[in-house]
Amino acid sequence: MLLDIRHISKQFSEEPVLKDICLTLQENHTLSILGKSGSGKSTLLKIIAGLVLQDSGEIILKGTNINTLPANRRHIVYMSQEPLLFPHLNVFENIAFGLRINNEKKAVVEQKVNELLTSLGLFSHHKKMPRQLSGGQKQRVNFGRSLIINPPLLLLDEPFGNLDTQTRAEMQQLFKQVSKEFNITSIFVTHDIKEALLMGDNIAYMNTGKLIIYDNKKSFISDSNTGAQKEITFWQNL
Amino acid sequence: MKLLKQPIVFLMLLVFMMPFAFLFVLSIANGWKFPHLLPSGYSTDRWSGLIENSGGLLQSLQLSSMIGLIVAIFSTITGFMISRSISLHSKRKYLLFGCYFPLALSPVIYSLLLNHFFIMFNLSGTFSGVVVAQLIITIPFSIILLSSFWNENIRSLEQISATLGSNLRQTFFKVILPVALPQLLVCFFQTFLISWFEYGLTTIIGVGKVQTLTLRVYQYIGEANIFYAALSSCIIVFPAAIFLWINKRFVFSKFNSCY
Amino acid sequence: MMTLENMLLNNKKASFLGILCFMLLVVLPFAGSLIYAILYSFGLTGILSKGFTTTHVSGLLNNKEMFFSLFYSFYIAICSMFISLLLAIASVLFFKASITKSKWSVFPYLPLALPAIVTAFISLQVFNKTGVVSRMFYQIHIISDLSQFPDMVNDKLGVGIIITHVLMATPFFLIFFSNMYEAENVKALSSVAKSLGASSIKIAEKIAIPLLLKNGLNTILLYLIFVFGSYEIPLILGQQSPQMISVLIVRKMQRYNLMDIPQGYFLSLVYSIAVILLLAVFLKSKKQAVS
């Protein structure tokens with residue numbers, strides 16, 4: 001087991017945002033979390049990443065309690081919905097950032113970044129600045145920047161939310177391919193039912209700060225709270 | 001209407017350039033008797049005399065430059081630091097509004113109100129006193145100018161940098177500072193110009209002992225020495241025009257290109 | 001080892017330090033100066049202090065000088081702003097903001113390199129009785145003698161002061177409204193209005209001008225406050241009476257007559273309250289804009 005979240009709770013100004021959250025995640029698996037805006041998904045991810053301090057509960061990563069570890073020591077990469085690239089660095093340097101921070105040798109940086117650029121279909125864009133990229137290209141760079149440091153855990157906070165349908169579908173394919181290629185363990189948060197079913201090996205539903213984890217996709221679909229059944233009925237009746 | 005545009009543009013450009021041309025011509029003029037439109041003769045003696053520090057102009061230039069540099073550097077750094085603290089505070093709106101009050105007061109009146117304290121702390125009539133007084137008006141300005149930098153985007157960049165393994169120092173030097181650089185340069189130039197142009201406050205706190213270029217202009221006007229007043233005005237405005245051009249051409253464009 | 005809690009604590013400490021600096025460098029001087037002015041005005045401190053008294057204040061209130069000065073300062077500020085805004089907005093609408101986008105775009109920025117004292121000096125040399133305009137009039141025989149040239153500086157109506165402020169403010173607002181014209185997409189909105197049958201004048205009246213003025217209100221108010229308290233320009237181009245408020249205050253507080261100093265402090269207080277009230281209007285409209 002890579003990740004074990006035990007009884008995480010958090011409130012902001014007397015308002016409970018997360019209530020006694022528990023989940024486990026196996027290595028090389030992706031957990032999809034479906035939830036509406038304001039259900040607490042982003043807060044959960046930020047707590048796991050070490051960007052927000054929980055009120056109570058424990059985070060166990062590879063058997064070690066990382067509660068007190070600051071974000072830069074957890075090696076858990078957080079990817080937000082907005083592919084926020086460093087505006088002063090070009091595509092190559094954005095991806096190389098994590099390696100440069102760790103004083104990796106120049107030759108190693110060049111080799112790793114070029115390989116990743118090729119995998120992500122970005123090699124011809126390596127000298128471009130972020131403002132010259134499309135939304136989909138920015139998200140690919142965001143991926144590359146996150147993957148290059150081989151994080152044990154990747155947290156994706158609605159990463160394709162801002163993209164058009166076609167680009168979104170391409171990115172979903174890319175993520176599945178890259179996940180397999182790099183043996184990524186991740187938590188994928190989304191408000192889109194189809195995406196949640198597509199992306200995750202396991203699936204969960206978050207509502208008003210509570211998390212329900214399903215044994216399989218069938219039990220997720222049959223739970224009326226998730227809205228999956230409604231969606232299926234809609235397409236069937238069309 | 002379209003036919004009028006070209007001559008009007010030409011006229012406007014002429015109006016914008018005239019003050020500079022006028023000051024320069026007057027600074028090299030040898031007499032300008034009524035009713036002649038142009039000076040009776042020209043000479044570069046005053047400009048060459050500048051290097052020999054005749055009239056103390058070179059000294060004033062050095063003084064104005066030093067005060068300007070210190071004020072610009074200190075207010076930019078302090079403004080950057082304080083604006084970050086304000087951005088994290090729950091009452092940030094009110095704190096930022098508070099910066100407008102010292103900024104809105106006329107600097108000369110503000111300096112009169114503060115003068116007693118400057119006398120008390122032996123800062124009156126001194127170089128440091130003038131620097132401190134100018135900082136009191138430029139720091140609120142810097143805070144307001146730099147407060148827009150500390151937005152959600154920057155906070156998110158800090159968080160991303162942290163999750164990629166950077167510690168606070170690395171995040172600051174490799175992410176925050178490079179991204180902030182254009183805005184810091186704008187702030188630097190603007191606060192330098194505020195100091196460079198300042199007259200009233202410098203007169204009050206400096207008690208006439210700290211003879212900056214603007215004080216020289218007023219001194220020559222009072223002496224009806226229009227040629228030296230024009231010369232000192234030239235020394236004030238030409239570097240300022242160059243700074244503004246650099247600011248507009250390189251700093252603004254780099255600032256805009258990042259976003 | 002740096003823990004998450006330590007980091008957050010350090011962050012809080014750094015924020016506290018910043019706020020402390022803010023209090024020391026911004027709030028304390030402002031509050032201290034106003035408090036001292038109150039104490040001095042009412043005789044509670046100062047060289048001639050004999051305890052609480054309203055003599056200095058009543059002396060000033062009974063003398064019309066303060067009211068004339070405040071009124072005069074407002075008059076100068078309003079006139080200057082009106083003319084500058086008229087010229088700037090007219091230019092922006094005429095050129096459709098292209099003047100700040102073309103190859104000549106650097107030229108409107110040049111007047112910003114002229115400080116108040118230099119602009120006042122130039123105005124003095126251009127508009128006084130032996131200035132450029134007077135010489136031009138003489139050369140083309142509009143006047144035959146110096147005395148025939150009207151008083152344009154150091155005059156009762158403050159013509160020279162107003163002209164100088166207009167020369168400074170117009171390029172500033174030209175650039176300001178030009179950028180706003182682009183940002184608010186006024187050209188596109190005007191095209192929409194045109195397609196709905198509006199004439200150019202109607203478009204200017206109903207769309208462009210209200211939009212520019214509404215969005216620029218905060219800056220206009222701040223500039224008004226700046227002109228109201230200006231010093232260098234009325235110092236060089238103004239007359240002995242009435243004087244603009246800054247010049248009057250400096251005169252009162254720098255004179256050898258010690259009895260004038262408490263009056264100077266009270267005047268400064270009145271001026272500061274006027275500015276604070278004007279600023280309160282600005283902040284209210286900014287707060288509404290933010291919310």
# chains A, B, ... in the order shown; residues from 1 in each chain; ligands from 1
call {"tool": "residues_around", "arguments": {"residues": "Leu122 in chain A", "least_positions_apart": "6", "cutoff": "9 Å", "atoms": "only C-alpha atoms", "output": "tab-separated table (two decimals) with C-alpha atoms, in the first residue's frame"}}
result
chain	number	residue	atom	x	y	z
A	91	VAL	CA	8.90	24.64	-22.15
A	116	LEU	CA	9.86	13.29	-21.90
A	137	GLN	CA	0.02	21.96	-24.78
A	140	ARG	CA	1.20	18.44	-21.39
A	141	VAL	CA	4.06	20.61	-20.13
call {"tool": "residues_around", "arguments": {"residues": "Ile236 in chain C", "least_positions_apart": "5", "cutoff": "10 Å", "atoms": "only C-alpha atoms", "output": "list in words"}}
result
Tyr218, Ile221 and Gly222 of chain B; Ile117, Ala120, Phe121, Ser123, Leu124, Val153, Asn154, Gly160, Ile161, Tyr231 and Val247 of chain C
call {"tool": "interface_residues", "arguments": {"of": "chain A", "to": "chain C", "cutoff": "12 Å", "atoms": "only C-alpha atoms", "output": "list of chain:residue names"}}
result
A:Ile47, A:Ala49, A:Gly50, A:Leu51, A:Val52, A:Leu53, A:Gln54, A:Asp55, A:Ile66, A:Asn67, A:Thr68, A:Leu69, A:Pro70, A:Ala71, A:Asn72, A:Arg73, A:Arg74
call {"tool": "write_last_selection", "arguments": {"atoms": "N, CA and C atoms", "output": "PDB file, in the first residue's frame"}}
result
ATOM      1  N   ILE A  47      -4.128  18.942   1.331  1.00  0.00           N
ATOM      2  CA  ILE A  47      -3.675  18.405   2.619  1.00  0.00           C
ATOM      3  C   ILE A  47      -2.678  17.268   2.371  1.00  0.00           C
ATOM      4  N   ALA A  49      -0.815  16.909  -0.191  1.00  0.00           N
ATOM      5  CA  ALA A  49       0.410  17.502  -0.752  1.00  0.00           C
ATOM      6  C   ALA A  49       1.202  18.293   0.282  1.00  0.00           C
ATOM      7  N   GLY A  50       0.580  18.619   1.401  1.00  0.00           N
ATOM      8  CA  GLY A  50       1.292  19.390   2.437  1.00  0.00           C
ATOM      9  C   GLY A  50       1.152  20.898   2.265  1.00  0.00           C
ATOM     10  N   LEU A  51       0.193  21.312   1.449  1.00  0.00           N
ATOM     11  CA  LEU A  51       0.003  22.749   1.217  1.00  0.00           C
ATOM     12  C   LEU A  51      -0.967  23.352   2.220  1.00  0.00           C
ATOM     13  N   VAL A  52      -1.771  22.492   2.827  1.00  0.00           N
ATOM     14  CA  VAL A  52      -2.732  22.917   3.852  1.00  0.00           C
ATOM     15  C   VAL A  52      -2.579  21.946   5.017  1.00  0.00           C
ATOM     16  N   LEU A  53      -2.675  22.475   6.227  1.00  0.00           N
ATOM     17  CA  LEU A  53      -2.527  21.622   7.408  1.00  0.00           C
ATOM     18  C   LEU A  53      -3.894  21.124   7.863  1.00  0.00           C
ATOM     19  N   GLN A  54      -4.038  19.806   8.053  1.00  0.00           N
ATOM     20  CA  GLN A  54      -5.325  19.271   8.481  1.00  0.00           C
ATOM     21  C   GLN A  54      -5.551  19.553   9.969  1.00  0.00           C
ATOM     22  N   ASP A  55      -6.806  19.533  10.408  1.00  0.00           N
ATOM     23  CA  ASP A  55      -7.121  19.736  11.830  1.00  0.00           C
ATOM     24  C   ASP A  55      -6.841  18.459  12.618  1.00  0.00           C
ATOM     25  N   ILE A  66       3.676  11.212   7.384  1.00  0.00           N
ATOM     26  CA  ILE A  66       4.276  12.438   6.818  1.00  0.00           C
ATOM     27  C   ILE A  66       3.537  13.702   7.274  1.00  0.00           C
ATOM     28  N   ASN A  67       2.780  13.580   8.350  1.00  0.00           N
ATOM     29  CA  ASN A  67       1.997  14.730   8.853  1.00  0.00           C
ATOM     30  C   ASN A  67       2.795  16.007   8.983  1.00  0.00           C
ATOM     31  N   THR A  68       3.994  15.884   9.562  1.00  0.00           N
ATOM     32  CA  THR A  68       4.758  17.101   9.878  1.00  0.00           C
ATOM     33  C   THR A  68       5.726  17.486   8.754  1.00  0.00           C
ATOM     34  N   LEU A  69       5.754  16.690   7.699  1.00  0.00           N
ATOM     35  CA  LEU A  69       6.708  16.961   6.610  1.00  0.00           C
ATOM     36  C   LEU A  69       6.196  18.113   5.732  1.00  0.00           C
ATOM     37  N   PRO A  70       7.041  19.140   5.447  1.00  0.00           N
ATOM     38  CA  PRO A  70       6.581  20.220   4.560  1.00  0.00           C
ATOM     39  C   PRO A  70       6.452  19.728   3.125  1.00  0.00           C
ATOM     40  N   ALA A  71       5.751  20.500   2.323  1.00  0.00           N
ATOM     41  CA  ALA A  71       5.415  20.080   0.948  1.00  0.00           C
ATOM     42  C   ALA A  71       6.629  19.706   0.114  1.00  0.00           C
ATOM     43  N   ASN A  72       7.717  20.460   0.274  1.00  0.00           N
ATOM     44  CA  ASN A  72       8.868  20.219  -0.611  1.00  0.00           C
ATOM     45  C   ASN A  72       9.628  18.941  -0.251  1.00  0.00           C
ATOM     46  N   ARG A  73       9.247  18.327   0.862  1.00  0.00           N
ATOM     47  CA  ARG A  73       9.930  17.081   1.237  1.00  0.00           C
ATOM     48  C   ARG A  73       9.062  15.840   1.031  1.00  0.00           C
ATOM     49  N   ARG A  74       7.819  16.032   0.654  1.00  0.00           N
ATOM     50  CA  ARG A  74       6.910  14.882   0.538  1.00  0.00           C
ATOM     51  C   ARG A  74       7.050  14.158  -0.803  1.00  0.00           C
TER      52      ARG A  74
END
call {"tool": "residues_around", "arguments": {"residues": "range 216-232 of chain A", "least_positions_apart": "6", "cutoff": "8 Å", "atoms": "only C-alpha atoms", "output": "list in words"}}
result
Leu34, Ile193, Leu197, Asn202, Ile203, Ala204 and Tyr205 of chain A
call {"tool": "closest_residue", "arguments": {"among": "A:Asp4, A:Glu181, A:Glu82, A:Asp215", "to": "chain B", "atoms": "only C-alpha atoms"}}
result
A:Glu82
call {"tool": "residues_around", "arguments": {"residues": "Leu164 in chain B", "least_positions_apart": "3", "cutoff": "12 Å", "atoms": "only C-alpha atoms", "output": "MDAnalysis selection string"}}
result
(chainID A and resid 49:50 70:79 94:102 142:154) or (chainID B and resid 157:161 167:168 170:171 175)
call {"tool": "write_last_selection", "arguments": {"atoms": "C-alpha atoms", "output": "JSON list (two decimals), in the first residue's frame"}}
result
[["chain", "number", "residue", "atom", "x", "y", "z"],
["A", 49, "ALA", "CA", 0.41, 17.50, -0.75],
["A", 50, "GLY", "CA", 1.29, 19.39, 2.44],
["A", 70, "PRO", "CA", 6.58, 20.22, 4.56],
["A", 71, "ALA", "CA", 5.41, 20.08, 0.95],
["A", 72, "ASN", "CA", 8.87, 20.22, -0.61],
["A", 73, "ARG", "CA", 9.93, 17.08, 1.24],
["A", 74, "ARG", "CA", 6.91, 14.88, 0.54],
["A", 75, "HIS", "CA", 7.71, 14.28, -3.18],
["A", 76, "ILE", "CA", 3.98, 14.42, -3.85],
["A", 77, "VAL", "CA", 3.26, 16.56, -6.89],
["A", 78, "TYR", "CA", 0.04, 18.57, -7.03],
["A", 79, "MET", "CA", -1.36, 19.48, -10.45],
["A", 94, "ASN", "CA", 9.59, 24.35, -17.07],
["A", 95, "ILE", "CA", 9.91, 20.59, -17.38],
["A", 96, "ALA", "CA", 13.51, 20.62, -16.15],
["A", 97, "PHE", "CA", 12.64, 22.68, -13.06],
["A", 98, "GLY", "CA", 12.41, 19.79, -10.58],
["A", 99, "LEU", "CA", 15.74, 18.39, -11.77],
["A", 100, "ARG", "CA", 17.51, 21.76, -11.62],
["A", 101, "ILE", "CA", 16.27, 22.28, -8.05],
["A", 102, "ASN", "CA", 17.99, 19.03, -7.10],
["A", 142, "ASN", "CA", 2.42, 20.53, -16.70],
["A", 143, "PHE", "CA", 2.45, 16.72, -16.90],
["A", 144, "GLY", "CA", 6.04, 16.63, -17.96],
["A", 145, "ARG", "CA", 7.09, 18.95, -15.15],
["A", 146, "SER", "CA", 5.34, 16.70, -12.65],
["A", 147, "LEU", "CA", 6.52, 13.34, -14.03],
["A", 148, "ILE", "CA", 10.20, 14.14, -14.50],
["A", 149, "ILE", "CA", 10.99, 13.89, -10.81],
["A", 150, "ASN", "CA", 9.30, 10.44, -10.58],
["A", 151, "PRO", "CA", 6.96, 11.34, -7.77],
["A", 152, "PRO", "CA", 5.62, 8.38, -5.81],
["A", 153, "LEU", "CA", 2.23, 10.04, -5.89],
["A", 154, "LEU", "CA", 0.60, 12.45, -8.33],
["B", 157, "LEU", "CA", 3.14, 29.05, -8.36],
["B", 158, "GLU", "CA", 4.68, 28.99, -4.87],
["B", 159, "GLN", "CA", 2.69, 25.86, -4.05],
["B", 160, "ILE", "CA", 3.62, 24.13, -7.30],
["B", 161, "SER", "CA", 7.27, 24.98, -6.75],
["B", 167, "ASN", "CA", 12.47, 25.01, -0.34],
["B", 168, "LEU", "CA", 11.44, 28.60, 0.51],
["B", 170, "GLN", "CA", 14.75, 28.27, -3.92],
["B", 171, "THR", "CA", 11.13, 29.20, -4.58],
["B", 175, "VAL", "CA", 10.35, 31.54, -9.19]]
call {"tool": "select_by_dssp", "arguments": {"residues": "range 25-183 of chain A", "states": "helix (DSSP H, G or I)", "output": "ChimeraX atom specification"}}
result
/A:41-49,71-74,91-101,106-119,123-125,130-132,135-147,165-182
call {"tool": "residues_around", "arguments": {"residues": "His126 in chain A", "least_positions_apart": "2", "cutoff": "7 Å", "atoms": "only C-alpha atoms", "output": "PyMOL selection string"}}
result
chain A and resi 90-92+122-124+128
call {"tool": "residues_around", "arguments": {"residues": "Gly200 in chain B", "least_positions_apart": "4", "cutoff": "9 Å", "atoms": "only C-alpha atoms", "output": "VMD selection string"}}
result
(chain B and resid 106 to 109 111 204 to 205 215) or (chain C and resid 231 to 232)
call {"tool": "write_last_selection", "arguments": {"atoms": "C-alpha atoms", "output": "JSON list (two decimals), in the first residue's frame"}}
result
[["chain", "number", "residue", "atom", "x", "y", "z"],
["B", 106, "SER", "CA", 0.75, 67.03, -0.43],
["B", 107, "PRO", "CA", 4.39, 66.04, 0.31],
["B", 108, "VAL", "CA", 5.27, 69.57, 1.38],
["B", 109, "ILE", "CA", 2.44, 69.70, 3.93],
["B", 111, "SER", "CA", 6.85, 67.16, 5.63],
["B", 204, "ILE", "CA", 11.39, 71.66, 4.30],
["B", 205, "ILE", "CA", 13.31, 68.70, 5.69],
["B", 215, "LEU", "CA", 16.21, 73.27, -5.35],
["C", 231, "TYR", "CA", 2.83, 73.43, -4.19],
["C", 232, "GLU", "CA", 5.55, 74.15, -6.75]]
call {"tool": "select_by_dssp", "arguments": {"residues": "range 40-146 of chain A", "states": "strand (DSSP E)", "output": "VMD selection string"}}
result
chain A and resid 56 to 61 64 to 65 76 to 79
call {"tool": "write_last_selection", "arguments": {"atoms": "C-alpha atoms", "output": "tab-separated table (two decimals), in the first residue's frame"}}
result
chain	number	residue	atom	x	y	z
A	56	SER	CA	-6.84	16.04	12.65
A	57	GLY	CA	-5.92	12.72	11.08
A	58	GLU	CA	-2.84	11.08	9.61
A	59	ILE	CA	-1.24	10.68	6.24
A	60	ILE	CA	0.89	7.58	5.84
A	61	LEU	CA	3.04	7.39	2.71
A	64	THR	CA	5.82	6.61	7.09
A	65	ASN	CA	3.69	9.24	8.80
A	76	ILE	CA	3.98	14.42	-3.85
A	77	VAL	CA	3.26	16.56	-6.89
A	78	TYR	CA	0.04	18.57	-7.03
A	79	MET	CA	-1.36	19.48	-10.45
call {"tool": "atom_distance", "arguments": {"atom1": "CA of Asn225 in chain B", "atom2": "CA of Gln139 in chain C"}}
result
24.4 Å
call {"tool": "residues_around", "arguments": {"residues": "Gly56 in chain B", "least_positions_apart": "6", "cutoff": "12 Å", "atoms": "only C-alpha atoms", "output": "list in words"}}
result
Arg46, Gly49, Leu50, Gln62, Leu63, Val210, Gln211, Thr212, Leu213, Leu215, Arg216, Val217, Gln219, Tyr220, Tyr228 and Ser232 of chain B
